[in-house]
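Next comes query32.pdb, a file with PDB, C-alpha atoms.
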ATOM      1  CA  MET A   1       1.774 -26.989  35.938
ATOM      2  CA  PHE A   2       2.174 -29.570  33.207
ATOM      3  CA  ILE A   3       5.731 -30.717  32.491
ATOM      4  CA  ARG A   4       6.596 -32.766  29.432
ATOM      5  CA  HIS A   5       9.642 -34.977  29.508
ATOM      6  CA  ILE A   6      11.664 -35.217  26.350
ATOM      7  CA  THR A   7      14.017 -38.130  26.046
ATOM      8  CA  MET A   8      16.557 -38.343  23.280
ATOM      9  CA  SER A   9      19.468 -40.691  23.442
ATOM     10  CA  LEU A  10      22.861 -39.109  23.016
ATOM     11  CA  GLU A  11      25.810 -41.352  23.612
ATOM     12  CA  VAL A  12      29.388 -40.240  24.044
ATOM     13  CA  LYS A  13      31.834 -42.958  24.995
ATOM     14  CA  ARG A  14      35.127 -42.210  26.652
ATOM     15  CA  LYS A  15      38.101 -42.734  24.369
ATOM     16  CA  GLU A  16      41.243 -44.426  25.556
ATOM     17  CA  LYS A  17      43.475 -42.018  27.558
ATOM     18  CA  GLU A  18      40.929 -39.205  27.276
ATOM     19  CA  SER A  19      40.660 -36.773  30.154
ATOM     20  CA  SER A  20      37.305 -36.317  31.837
ATOM     21  CA  GLN A  21      37.399 -32.618  30.967
ATOM     22  CA  ASN A  22      37.807 -33.446  27.278
ATOM     23  CA  LEU A  23      34.956 -35.978  27.525
ATOM     24  CA  VAL A  24      32.640 -33.350  29.033
ATOM     25  CA  HIS A  25      33.664 -30.914  26.287
ATOM     26  CA  ARG A  26      32.834 -33.477  23.576
ATOM     27  CA  PHE A  27      29.494 -34.241  25.249
ATOM     28  CA  ALA A  28      28.587 -30.540  25.444
ATOM     29  CA  LYS A  29      29.489 -30.151  21.776
ATOM     30  CA  THR A  30      27.283 -33.119  20.791
ATOM     31  CA  VAL A  31      24.357 -31.734  22.771
ATOM     32  CA  ARG A  32      24.821 -28.314  21.155
ATOM     33  CA  GLN A  33      24.945 -29.772  17.652
ATOM     34  CA  SER A  34      21.896 -31.980  18.212
ATOM     35  CA  GLY A  35      19.708 -28.958  18.968
ATOM     36  CA  ILE A  36      18.049 -30.558  21.992
ATOM     37  CA  LEU A  37      18.739 -27.592  24.278
ATOM     38  CA  LEU A  38      17.240 -25.108  21.842
ATOM     39  CA  GLU A  39      14.138 -27.241  21.475
ATOM     40  CA  VAL A  40      13.664 -27.661  25.224
ATOM     41  CA  ARG A  41      14.258 -23.986  25.961
ATOM     42  CA  GLY A  42      11.729 -23.070  23.281
ATOM     43  CA  LYS A  43       9.099 -25.293  24.860
ATOM     44  CA  GLN A  44       9.861 -24.050  28.361
ATOM     45  CA  PHE A  45       7.614 -21.000  28.087
ATOM     46  CA  ARG A  46       4.425 -21.687  26.185
ATOM     47  CA  LYS A  47       2.977 -18.639  24.468
ATOM     48  CA  ARG A  48      -0.756 -18.191  24.857
ATOM     49  CA  SER A  49      -2.803 -17.694  21.721
ATOM     50  CA  LYS A  50      -4.769 -14.479  21.323
ATOM     51  CA  SER A  51      -8.408 -14.469  22.310
ATOM     52  CA  ALA A  52     -11.059 -13.796  19.679
ATOM     53  CA  LEU A  53     -11.690 -10.312  21.059
ATOM     54  CA  ALA A  54      -7.978  -9.451  20.984
ATOM     55  CA  LYS A  55      -7.750 -10.629  17.345
ATOM     56  CA  LYS A  56     -10.730  -8.460  16.398
ATOM     57  CA  ARG A  57      -9.274  -5.435  18.174
ATOM     58  CA  SER A  58      -5.881  -5.770  16.492
ATOM     59  CA  ALA A  59      -7.532  -6.243  13.081
ATOM     60  CA  LEU A  60      -9.668  -3.137  13.653
ATOM     61  CA  ARG A  61      -6.584  -1.188  14.728
ATOM     62  CA  ARG A  62      -4.752  -2.198  11.527
ATOM     63  CA  VAL A  63      -7.720  -1.071   9.394
ATOM     64  CA  ILE A  64      -7.855   2.302  11.156
ATOM     65  CA  LEU A  65      -4.093   2.821  10.833
ATOM     66  CA  ARG A  66      -4.230   2.028   7.092
ATOM     67  CA  LYS A  67      -7.010   4.566   6.570
ATOM     68  CA  GLU A  68      -5.111   7.222   8.517
ATOM     69  CA  LYS A  69      -1.965   6.541   6.497
ATOM     70  CA  LYS A  70      -3.886   6.814   3.224
ATOM     71  CA  ILE A  71      -5.428  10.130   4.269
ATOM     72  CA  LYS A  72      -2.036  11.429   5.388
ATOM     73  CA  GLU A  73      -0.456  10.467   2.033
ATOM     74  CA  LYS A  74      -3.209  12.325   0.145
ATOM     75  CA  LEU A  75      -2.638  15.486   2.196
ATOM     76  CA  GLU A  76       1.150  15.485   1.739
ATOM     77  CA  LYS A  77       2.884  17.535  -0.897
ATOM     78  CA  PRO A  78       3.903  15.490  -3.936
ATOM     79  CA  LYS A  79       7.553  14.497  -3.912
ATOM     80  CA  GLU A  80       9.771  16.144  -6.463
ATOM     81  CA  VAL A  81      11.268  13.891  -9.089
ATOM     82  CA  LYS A  82      14.808  14.865 -10.016
ATOM     83  CA  PRO A  83      15.435  15.045 -13.748
ATOM     84  CA  GLY A  84      17.540  12.259 -15.173
ATOM     85  CA  ARG A  85      16.528   9.756 -12.521
ATOM     86  CA  ARG A  86      14.478   6.774 -13.653
ATOM     87  CA  TYR A  87      13.220   5.400 -10.358
TER      88      TYR A  87
END
Rewrite the structure from the file as structure tokens, please.
Amino acid sequence: MFIRHITMSLEVKRKEKESSQNLVHRFAKTVRQSGILLEVRGKQFRKRSKSALAKKRSALRRVILRKEKKIKEKLEKPKEVKPGRRY
């Protein structure tokens, strides 16, 4: 398993007379706004790319479905157009 380490410097200094709970809250807010967590969580699970055979199969499936849809549309009854409507 290959793990990449991402280092980004975020600095939150404690203000005078600031409680530790408030400091943690400010730090969490800074991390959230920076977008680091979203980026790391996105990279956590790498999605495999499709193999060549899978790409061919899905392309063939799309072609077949389009043909079936076209045939089905030709066999359907024509839709009635209500008078006075222009769309």
Review point. Restricting the calculation to all atoms listed in the file, which member of A:Ile71, A:Ala59, A:Ile64, A:Leu10 is positioned closest to Gln33 of chain A?
Key: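 Checking each candidate against Gln33 of chain A, we get A:Leu10 as the closest.
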Practice item. Work out how far atom CA of Glu16 of chain A is from atom CA of Gly35 of chain A, in Å to one decimal. Key: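 The value is 27.3 Å.
Distances from A:Arg48, A:Val12, A:Glu76, A:Leu60 to Phe27 of chain A were compared using only C-alpha atoms, and the smallest one belongs to A:Val12.
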Study note, to complete from the structure: A straight line from atom CA of Leu38 of chain A to atom CA of Arg26 of chain A spans 17.8 Å
Review point. By how many Å are atom CA of Lys55 of chain A and atom CA of Lys69 of chain A apart?
Key: 21.1 Å
